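Student: One file is attached below, my_file-v8.pdb, containing PDB, C-alpha atoms.
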```
ATOM      1  CA  MET A   1     111.956  75.552  55.911
ATOM      2  CA  SER A   2     110.784  78.446  53.772
ATOM      3  CA  SER A   3     107.613  78.306  51.711
ATOM      4  CA  PRO A   4     107.702  78.081  47.884
ATOM      5  CA  ARG A   5     106.332  81.641  47.759
ATOM      6  CA  TYR A   6     109.239  82.857  49.886
ATOM      7  CA  THR A   7     111.736  81.069  47.641
ATOM      8  CA  GLU A   8     110.147  82.589  44.532
ATOM      9  CA  THR A   9     110.456  86.046  46.070
ATOM     10  CA  VAL A  10     114.134  85.539  46.907
ATOM     11  CA  GLU A  11     114.769  84.396  43.349
ATOM     12  CA  ALA A  12     112.909  87.446  41.981
ATOM     13  CA  VAL A  13     115.062  89.795  44.064
ATOM     14  CA  SER A  14     118.189  87.975  42.905
ATOM     15  CA  GLU A  15     117.097  88.467  39.301
ATOM     16  CA  LEU A  16     116.717  92.193  39.966
ATOM     17  CA  ARG A  17     120.313  92.239  41.201
ATOM     18  CA  ASP A  18     121.418  90.554  37.969
ATOM     19  CA  ARG A  19     119.444  93.064  35.894
ATOM     20  CA  CYS A  20     121.241  95.874  37.686
ATOM     21  CA  ARG A  21     124.582  94.317  36.822
ATOM     22  CA  ARG A  22     123.461  94.143  33.190
ATOM     23  CA  SER A  23     122.594  97.886  33.413
ATOM     24  CA  GLU A  24     118.932  97.154  32.742
ATOM     25  CA  LEU A  25     117.714  98.983  35.861
ATOM     26  CA  THR A  26     118.539 102.313  37.461
ATOM     27  CA  ALA A  27     118.885 102.643  41.226
ATOM     28  CA  GLU A  28     115.398 104.131  41.454
ATOM     29  CA  GLN A  29     113.906 101.376  39.295
ATOM     30  CA  PHE A  30     115.650  98.739  41.416
ATOM     31  CA  THR A  31     114.094 100.156  44.593
ATOM     32  CA  VAL A  32     110.626 100.281  43.019
ATOM     33  CA  GLU A  33     110.910  96.744  41.663
ATOM     34  CA  VAL A  34     112.092  95.290  44.986
ATOM     35  CA  THR A  35     109.265  97.069  46.792
ATOM     36  CA  ASP A  36     106.729  95.679  44.311
ATOM     37  CA  VAL A  37     108.072  92.153  44.754
ATOM     38  CA  PHE A  38     107.877  92.583  48.524
ATOM     39  CA  TYR A  39     104.275  93.804  48.316
ATOM     40  CA  ASP A  40     103.406  90.814  46.107
ATOM     41  CA  TYR A  41     104.854  88.427  48.687
ATOM     42  CA  LEU A  42     102.948  90.039  51.568
ATOM     43  CA  ALA A  43      99.681  89.682  49.641
ATOM     44  CA  ASP A  44     100.177  85.906  49.833
ATOM     45  CA  GLU A  45     102.415  85.599  52.889
ATOM     46  CA  ASP A  46     102.989  82.207  54.456
ATOM     47  CA  PRO A  47     102.908  82.510  58.288
ATOM     48  CA  ARG A  48     105.730  79.945  58.560
ATOM     49  CA  ASP A  49     108.187  82.316  56.882
ATOM     50  CA  ASP A  50     110.533  84.728  58.625
ATOM     51  CA  VAL A  51     109.635  87.963  56.865
ATOM     52  CA  MET A  52     112.407  89.913  58.563
ATOM     53  CA  SER A  53     114.964  87.601  56.976
ATOM     54  CA  LEU A  54     113.449  88.524  53.609
ATOM     55  CA  VAL A  55     113.917  92.208  54.438
ATOM     56  CA  ASP A  56     117.531  91.512  55.394
ATOM     57  CA  TYR A  57     118.104  89.662  52.119
ATOM     58  CA  CYS A  58     116.671  92.530  50.058
ATOM     59  CA  VAL A  59     118.949  94.974  51.863
ATOM     60  CA  THR A  60     121.954  92.691  51.306
ATOM     61  CA  VAL A  61     121.200  92.652  47.596
ATOM     62  CA  ALA A  62     120.934  96.454  47.656
ATOM     63  CA  GLU A  63     124.364  96.602  49.304
ATOM     64  CA  SER A  64     125.782  94.469  46.497
ATOM     65  CA  VAL A  65     124.678  96.918  43.792
ATOM     66  CA  CYS A  66     125.456 100.230  45.491
ATOM     67  CA  ASP A  67     129.266 100.164  45.131
ATOM     68  CA  LEU A  68     131.262 102.592  43.006
ATOM     69  CA  ASP A  69     131.389 100.157  40.098
ATOM     70  CA  LEU A  70     127.583 100.298  39.719
ATOM     71  CA  PHE A  71     125.174 102.759  41.371
ATOM     72  CA  ALA A  72     127.685 104.463  43.673
ATOM     73  CA  ASP A  73     124.847 105.204  46.083
ATOM     74  CA  ARG A  74     125.823 104.666  49.719
ATOM     75  CA  VAL A  75     122.331 105.356  51.104
ATOM     76  CA  LEU A  76     120.462 103.003  48.776
ATOM     77  CA  PRO A  77     120.436 100.073  51.240
ATOM     78  CA  GLN A  78     119.265 102.352  54.049
ATOM     79  CA  ARG A  79     116.445 103.773  51.955
ATOM     80  CA  LEU A  80     115.284 100.319  50.957
ATOM     81  CA  ASP A  81     115.523  99.033  54.526
ATOM     82  CA  HIS A  82     113.406 101.925  55.816
ATOM     83  CA  GLN A  83     110.878 101.441  53.019
ATOM     84  CA  LEU A  84     110.388  97.714  53.624
ATOM     85  CA  ARG A  85     110.202  98.083  57.399
ATOM     86  CA  TRP A  86     107.678 100.904  56.996
ATOM     87  CA  ILE A  87     105.541  98.589  54.876
ATOM     88  CA  LEU A  88     105.682  95.935  57.587
ATOM     89  CA  ASP A  89     104.730  98.493  60.238
ATOM     90  CA  GLN A  90     101.634  99.393  58.220
ATOM     91  CA  GLN A  91     100.755  95.728  57.815
ATOM     92  CA  SER A  92     101.035  95.182  61.565
ATOM     93  CA  ASP A  93      98.393  97.860  62.105
ATOM     94  CA  GLY A  94      95.871  95.414  60.655
ATOM     95  CA  GLN A  95      95.363  97.330  57.423
ATOM     96  CA  SER A  96      95.263  95.361  54.200
ATOM     97  CA  LEU A  97      93.708  96.121  50.855
ATOM     98  CA  THR A  98      91.970  92.754  50.731
ATOM     99  CA  HIS A  99      90.372  93.383  54.116
ATOM    100  CA  LEU A 100      89.319  96.887  53.100
ATOM    101  CA  VAL A 101      87.715  95.722  49.839
ATOM    102  CA  ARG A 102      85.968  92.811  51.551
ATOM    103  CA  ARG A 103      84.510  95.118  54.194
ATOM    104  CA  LEU A 104      83.321  97.654  51.622
ATOM    105  CA  ARG A 105      81.770  94.974  49.405
ATOM    106  CA  ALA A 106      79.755  93.585  52.308
ATOM    107  CA  ARG A 107      78.382  97.027  53.118
ATOM    108  CA  LEU A 108      77.615  97.787  49.478
ATOM    109  CA  GLU A 109      75.714  94.514  49.156
ATOM    110  CA  GLU A 110      73.619  95.603  52.127
ATOM    111  CA  GLY A 111      72.809  98.883  50.373
ATOM    112  CA  ASP A 112      74.803 101.023  52.796
ATOM    113  CA  VAL A 113      74.800 104.552  51.301
ATOM    114  CA  ASP A 114      77.726 105.594  53.487
ATOM    115  CA  ALA A 115      79.795 102.799  51.947
ATOM    116  CA  ARG A 116      79.341 104.380  48.509
ATOM    117  CA  THR A 117      80.498 107.718  49.906
ATOM    118  CA  GLU A 118      83.494 106.039  51.526
ATOM    119  CA  LEU A 119      84.350 104.336  48.233
ATOM    120  CA  VAL A 120      84.291 107.684  46.417
ATOM    121  CA  GLU A 121      86.555 109.264  49.034
ATOM    122  CA  LEU A 122      88.935 106.318  48.896
ATOM    123  CA  CYS A 123      89.224 106.581  45.108
ATOM    124  CA  GLN A 124      89.692 110.339  45.346
ATOM    125  CA  ARG A 125      92.244 110.543  48.171
ATOM    126  CA  GLY A 126      93.357 106.975  48.871
ATOM    127  CA  TYR A 127      96.911 107.466  47.691
ATOM    128  CA  GLU A 128      97.301 110.096  50.420
ATOM    129  CA  THR A 129      95.187 108.583  53.198
ATOM    130  CA  HIS A 130      96.159 104.931  52.597
ATOM    131  CA  GLN A 131      99.474 105.228  50.798
ATOM    132  CA  GLU A 132     100.737 101.987  52.296
ATOM    133  CA  LEU A 133      97.885 100.144  50.555
ATOM    134  CA  PHE A 134      98.129 101.824  47.162
ATOM    135  CA  SER A 135     101.884 102.089  46.630
ATOM    136  CA  ALA A 136     102.372  98.789  44.831
ATOM    137  CA  VAL A 137     101.820  98.284  41.103
ATOM    138  CA  ASP A 138      98.198  97.330  40.309
ATOM    139  CA  SER A 139      97.123  97.948  43.922
ATOM    140  CA  GLU A 140      94.321 100.254  42.744
ATOM    141  CA  ARG A 141      92.773  97.557  40.558
ATOM    142  CA  GLU A 142      90.629  95.952  43.288
ATOM    143  CA  ILE A 143      89.109  99.219  44.438
ATOM    144  CA  VAL A 144      88.203 100.530  40.964
ATOM    145  CA  GLU A 145      86.827  97.127  40.003
ATOM    146  CA  LEU A 146      84.648  97.288  43.118
ATOM    147  CA  ALA A 147      83.368 100.693  42.006
ATOM    148  CA  HIS A 148      82.562  99.252  38.587
ATOM    149  CA  GLU A 149      80.882  96.181  40.042
ATOM    150  CA  PHE A 150      78.426  98.324  42.014
ATOM    151  CA  GLY A 151      78.086 101.062  39.380
ATOM    152  CA  VAL A 152      79.563 103.793  41.561
ATOM    153  CA  VAL A 153      80.379 106.217  38.752
ATOM    154  CA  ALA A 154      81.429 108.968  41.151
ATOM    155  CA  ALA A 155      84.151 106.688  42.534
ATOM    156  CA  LEU A 156      85.564 105.843  39.104
ATOM    157  CA  ASP A 157      85.464 109.531  38.214
ATOM    158  CA  ALA A 158      87.240 110.434  41.445
ATOM    159  CA  ALA A 159      89.902 107.782  40.823
ATOM    160  CA  VAL A 160      91.074 109.537  37.647
ATOM    161  CA  ARG A 161      90.033 113.198  38.003
ATOM    162  CA  PRO A 162      93.261 115.257  37.906
ATOM    163  CA  THR A 163      92.074 117.807  40.474
ATOM    164  CA  SER A 164      92.882 115.382  43.311
ATOM    165  CA  ALA A 165      96.544 114.627  44.002
ATOM    166  CA  GLY A 166      95.558 111.594  46.064
ATOM    167  CA  ARG A 167      93.552 109.813  43.344
ATOM    168  CA  VAL A 168      94.305 106.104  43.168
ATOM    169  CA  ALA A 169      94.423 105.873  39.360
ATOM    170  CA  GLY A 170      96.575 108.856  38.410
ATOM    171  CA  GLU A 171      98.348 108.905  35.061
ATOM    172  CA  GLU A 172     101.672 107.719  36.520
ATOM    173  CA  LYS A 173     100.193 105.038  38.797
ATOM    174  CA  SER A 174     100.970 101.382  38.044
ATOM    175  CA  ARG A 175     103.472 102.440  35.373
ATOM    176  CA  GLY A 176     100.847 104.239  33.350
ATOM    177  CA  MET A 177      98.249 101.446  33.319
ATOM    178  CA  ALA A 178      95.966 102.583  36.153
ATOM    179  CA  LEU A 179      94.386 105.489  34.266
ATOM    180  CA  PRO A 180      93.381 103.624  31.082
ATOM    181  CA  ARG A 181      92.090 100.660  33.105
ATOM    182  CA  ALA A 182      89.870 102.875  35.248
ATOM    183  CA  LEU A 183      88.634 104.730  32.160
ATOM    184  CA  ASP A 184      87.822 101.396  30.487
ATOM    185  CA  LEU A 185      85.593 100.501  33.443
ATOM    186  CA  LEU A 186      83.949 103.916  33.294
ATOM    187  CA  ALA A 187      83.374 103.489  29.555
ATOM    188  CA  HIS A 188      81.776 100.087  30.148
ATOM    189  CA  LEU A 189      79.189 101.699  32.414
ATOM    190  CA  ALA A 190      78.775 104.571  29.944
ATOM    191  CA  ASN A 191      77.696 102.135  27.229
ATOM    192  CA  ASP A 192      74.581 101.138  29.190
ATOM    193  CA  PRO A 193      71.683 102.925  27.408
ATOM    194  CA  MET A 194      69.090 102.167  30.087
ATOM    195  CA  HIS A 195      70.542 102.294  33.597
ATOM    196  CA  GLU A 196      71.034 105.637  35.333
ATOM    197  CA  TRP A 197      74.720 104.944  35.805
ATOM    198  CA  GLY A 198      75.094 104.992  32.008
ATOM    199  CA  MET A 199      74.056 108.630  31.859
ATOM    200  CA  ALA A 200      76.283 109.532  34.805
ATOM    201  CA  ALA A 201      79.275 107.753  33.257
ATOM    202  CA  ARG A 202      78.783 109.558  29.944
ATOM    203  CA  ASP A 203      78.655 112.870  31.813
ATOM    204  CA  SER A 204      81.892 111.907  33.524
ATOM    205  CA  LEU A 205      83.742 110.955  30.329
ATOM    206  CA  VAL A 206      82.668 114.165  28.618
ATOM    207  CA  ASP A 207      83.728 116.287  31.580
ATOM    208  CA  LEU A 208      87.095 114.543  31.832
ATOM    209  CA  CYS A 209      87.822 115.702  28.295
ATOM    210  CA  GLY A 210      88.391 119.124  29.816
ATOM    211  CA  TYR A 211      91.644 118.106  31.537
ATOM    212  CA  ALA A 212      94.968 117.815  29.749
ATOM    213  CA  GLU A 213      95.798 114.621  31.642
ATOM    214  CA  THR A 214      92.608 112.797  30.616
ATOM    215  CA  ALA A 215      91.340 114.593  27.486
ATOM    216  CA  GLY A 216      92.203 112.204  24.672
ATOM    217  CA  GLN A 217      91.875 109.002  26.684
ATOM    218  CA  SER A 218      88.386 110.010  27.840
ATOM    219  CA  ALA A 219      87.165 111.250  24.450
ATOM    220  CA  ILE A 220      88.195 108.051  22.678
ATOM    221  CA  ARG A 221      86.024 106.032  25.091
ATOM    222  CA  ILE A 222      82.808 108.072  24.799
ATOM    223  CA  PRO A 223      79.871 106.097  23.328
ATOM    224  CA  VAL A 224      79.030 108.971  21.002
ATOM    225  CA  HIS A 225      75.745 107.444  19.789
ATOM    226  CA  LEU A 226      74.318 107.726  23.315
ATOM    227  CA  LEU A 227      75.120 111.386  23.995
ATOM    228  CA  ASN A 228      72.158 113.693  24.446
ATOM    229  CA  GLU A 229      71.986 117.343  23.404
ATOM    230  CA  ARG A 230      73.255 118.616  26.737
ATOM    231  CA  GLN A 231      76.288 116.335  26.607
ATOM    232  CA  ARG A 232      77.050 117.267  23.004
ATOM    233  CA  SER A 233      76.904 120.942  23.948
ATOM    234  CA  ARG A 234      79.291 120.338  26.829
ATOM    235  CA  LEU A 235      81.675 118.461  24.544
ATOM    236  CA  TYR A 236      81.589 121.351  22.062
ATOM    237  CA  GLU A 237      82.339 123.785  24.887
ATOM    238  CA  ILE A 238      85.348 121.704  25.924
ATOM    239  CA  TYR A 239      86.533 121.437  22.315
ATOM    240  CA  SER A 240      86.350 125.231  22.017
ATOM    241  CA  GLN A 241      88.450 125.556  25.157
ATOM    242  CA  HIS A 242      91.089 123.285  23.625
ATOM    243  CA  GLU A 243      91.074 125.443  20.487
ATOM    244  CA  GLU A 244      91.578 128.570  22.544
ATOM    245  CA  ALA A 245      94.413 126.940  24.481
ATOM    246  CA  ILE A 246      96.242 126.101  21.274
ATOM    247  CA  GLY A 247      95.930 129.683  20.052
ATOM    248  CA  PRO A 248      96.951 131.242  16.739
ATOM    249  CA  GLU A 249      99.184 129.512  14.202
ATOM    250  CA  ILE A 250     102.234 131.554  15.136
ATOM    251  CA  VAL A 251     102.586 129.896  18.556
ATOM    252  CA  ARG A 252     101.647 126.353  17.587
ATOM    253  CA  ILE A 253     105.281 125.286  17.567
ATOM    254  CA  PHE A 254     105.042 125.450  21.355
ATOM    255  CA  ILE A 255     102.047 123.097  21.507
ATOM    256  CA  SER A 256     102.859 119.454  22.245
ATOM    257  CA  GLU A 257     101.966 116.640  19.892
ATOM    258  CA  GLN A 258      99.733 115.189  22.617
ATOM    259  CA  GLN A 259      97.716 118.407  22.861
ATOM    260  CA  LEU A 260      97.153 118.386  19.116
ATOM    261  CA  ARG A 261      96.215 114.721  19.139
ATOM    262  CA  ASP A 262      93.789 115.184  22.052
ATOM    263  CA  ARG A 263      92.150 118.086  20.232
ATOM    264  CA  GLU A 264      91.669 115.947  17.122
ATOM    265  CA  ILE A 265      90.234 113.034  19.131
ATOM    266  CA  ILE A 266      87.714 115.348  20.794
ATOM    267  CA  ARG A 267      86.781 116.894  17.450
ATOM    268  CA  SER A 268      86.243 113.431  15.962
ATOM    269  CA  ALA A 269      84.030 112.437  18.891
ATOM    270  CA  LEU A 270      82.048 115.656  18.515
ATOM    271  CA  TRP A 271      81.472 115.112  14.792
ATOM    272  CA  GLN A 272      80.415 111.513  15.351
ATOM    273  CA  ALA A 273      78.103 112.496  18.202
ATOM    274  CA  ASN A 274      76.331 115.014  15.988
ATOM    275  CA  ASP A 275      76.124 112.533  13.107
ATOM    276  CA  ALA A 276      74.657 109.945  15.478
ATOM    277  CA  ALA A 277      72.045 112.444  16.677
ATOM    278  CA  ARG A 278      70.613 112.503  13.141
ATOM    279  CA  LEU A 279      70.176 108.737  12.996
ATOM    280  CA  PRO A 280      66.978 106.911  14.070
ATOM    281  CA  ARG A 281      66.930 105.999  17.764
ATOM    282  CA  ALA A 282      65.791 102.637  19.064
ATOM    283  CA  SER A 283      64.804 104.075  22.446
ATOM    284  CA  ASN A 284      64.460 107.389  24.243
ATOM    285  CA  ALA A 285      66.792 106.343  27.049
ATOM    286  CA  THR A 286      69.369 109.015  26.178
ATOM    287  CA  THR A 287      67.071 112.014  25.811
ATOM    288  CA  SER A 288      66.786 112.934  29.487
TER     289      SER A 288
END
```
Please go through the file and, once you have read it, give me the structure as structure tokens.
Tutor:
Amino acid sequence: MSSPRYTETVEAVSELRDRCRRSELTAEQFTVEVTDVFYDYLADEDPRDDVMSLVDYCVTVAESVCDLDLFADRVLPQRLDHQLRWILDQQSDGQSLTHLVRRLRARLEEGDVDARTELVELCQRGYETHQELFSAVDSEREIVELAHEFGVVAALDAAVRPTSAGRVAGEEKSRGMALPRALDLLAHLANDPMHEWGMAARDSLVDLCGYAETAGQSAIRIPVHLLNERQRSRLYEIYSQHEEAIGPEIVRIFISEQQLRDREIIRSALWQANDAARLPRASNATTS
């Protein structure tokens, strides 16, 4: 007899089939959704269940939506079958995100410096080096929350910095939610006026304003009242770079609305930071 979790998963896959028939999902979306449901099941797998029968059911559903009257995609079932079996192969290697996070947390609690370095590298390149662990929606959440919990600013920065293709919280990850969530955690650390990670997180948010992918979302999260002179100067430098990128009025029709909005957000943050610098300070924690 199958577990309730198994039955729920079968019902979820059946609902995806029905959504396809209602033209609510494309073939690509169907594959992604089935894979996500499969990942969710494996995170709470009951050992009594026959997982291979679940794979077979998912493939059968794929076969039912790939005919000419719907997706007209003869290789869809094969692609899905290969994807799900690949996931199982990775699981059988003993790798799991829960195990990885648990191991890292234990080492971080012991003060292991190498564990912090490993966490940074995982956030920076994990989608390439551990793709099987970070392919599902929200799979990056545990690792960035671990970085926040232990104040590893470099890891949160690495998770979103656009210069790394393997970052675990890229702008498209988890249907667009990974980036703002990671930036929220970074901003929470940045609002600490006393701890050293506050300064590092503010440096990170300011620097991330220099990338098109993270400019506006980083600037809007900067605690402007805590910026020191060096950080304000850096923010002005980045703002000037955005101005230069936009160029003269004659070519502004080629500039996207997002670029213009990001520029305005950065300018607002810069004005507020300079206004805040003229207000009385309760402590000297931000002057270093």
Student: What gap, in Å, lies between CA of Ser2 in chain A and CA of Asp49 in chain A?
Tutor: 5.6 Å
Student: Name the residues that the PyMOL selection byres ((chain A and resi 207) around 10) pulls out of this structure, and write them as a PyMOL selection string.
Tutor: chain A and resi 157+161+201-206+208-211+214-215+218-219+231+234-235+238
Student: For Leu146 in chain A, list every protein, DNA or RNA residue within 10 Å, evaluated using only C-alpha atoms, and leave out those in the same chain fewer than 6 positions away; present the list as a list in words.
Tutor: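 Counting only the stated atoms, we get Val101, Arg102, Leu104, Arg105, Leu108, Leu119, Val152, Ala155 and Leu156 of chain A.
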Student: Go through the shown structure with the PyMOL selection byres ((chain A and resi 137) around 10) and write out the matching residues as a PyMOL selection string.
Tutor: chain A and resi 32-33+35-37+39-40+134-136+138-141+173-178
Student: Tell me which protein, DNA and RNA residues are within 9 Å of Asp184 in chain A, counting only C-alpha atoms, leaving out same-chain ones fewer than 5 positions away, and put them as a compact mmCIF listing (two decimals) with C-alpha atoms, keeping the file's coordinate frame.
Tutor:
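Generated file (part04.txt):
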```txt
# COMPACT_ATOMS: atom_id res chain seq x y z
CA LEU A 179 94.39 105.49 34.27
CA LEU A 189 79.19 101.70 32.41
CA ARG A 221 86.02 106.03 25.09
```
Student: Return as a PyMOL selection string the set of residues that the PyMOL selection byres ((chain A and resi 165) around 9) yields on the displayed structure.
Tutor: chain A and resi 124-125+127-128+161-164+166-168+170
Student: Please work out which residues fall within 10 Å of (88.5, 121.0, 18.4), coordinates as given in the file, with all atoms listed in the file counting, and return them as a ChimeraX atom specification.
Tutor: /A:235-244,246,260-271
Student: Go through A:Ala277, A:Ala154, A:Leu88, A:Cys20 one by one, measure the shortest atom-to-atom distance of each to Asp69 in chain A using only C-alpha atoms, and give the residue with the smallest value.
Tutor: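 Among the listed residues, A:Cys20 lies closest to Asp69 in chain A.
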Student: Between CA of Tyr41 in chain A and CA of Arg22 in chain A, what is the distance, to one decimal in Å?
Tutor: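 Distance reported for this atom pair: 24.9 Å.
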Student: Here is a test: counting only C-alpha atoms, which residue of A:Gln217, A:Ser14, A:Ser23, A:Gln29 is nearest to Cys58 in chain A?
Tutor: A:Ser14
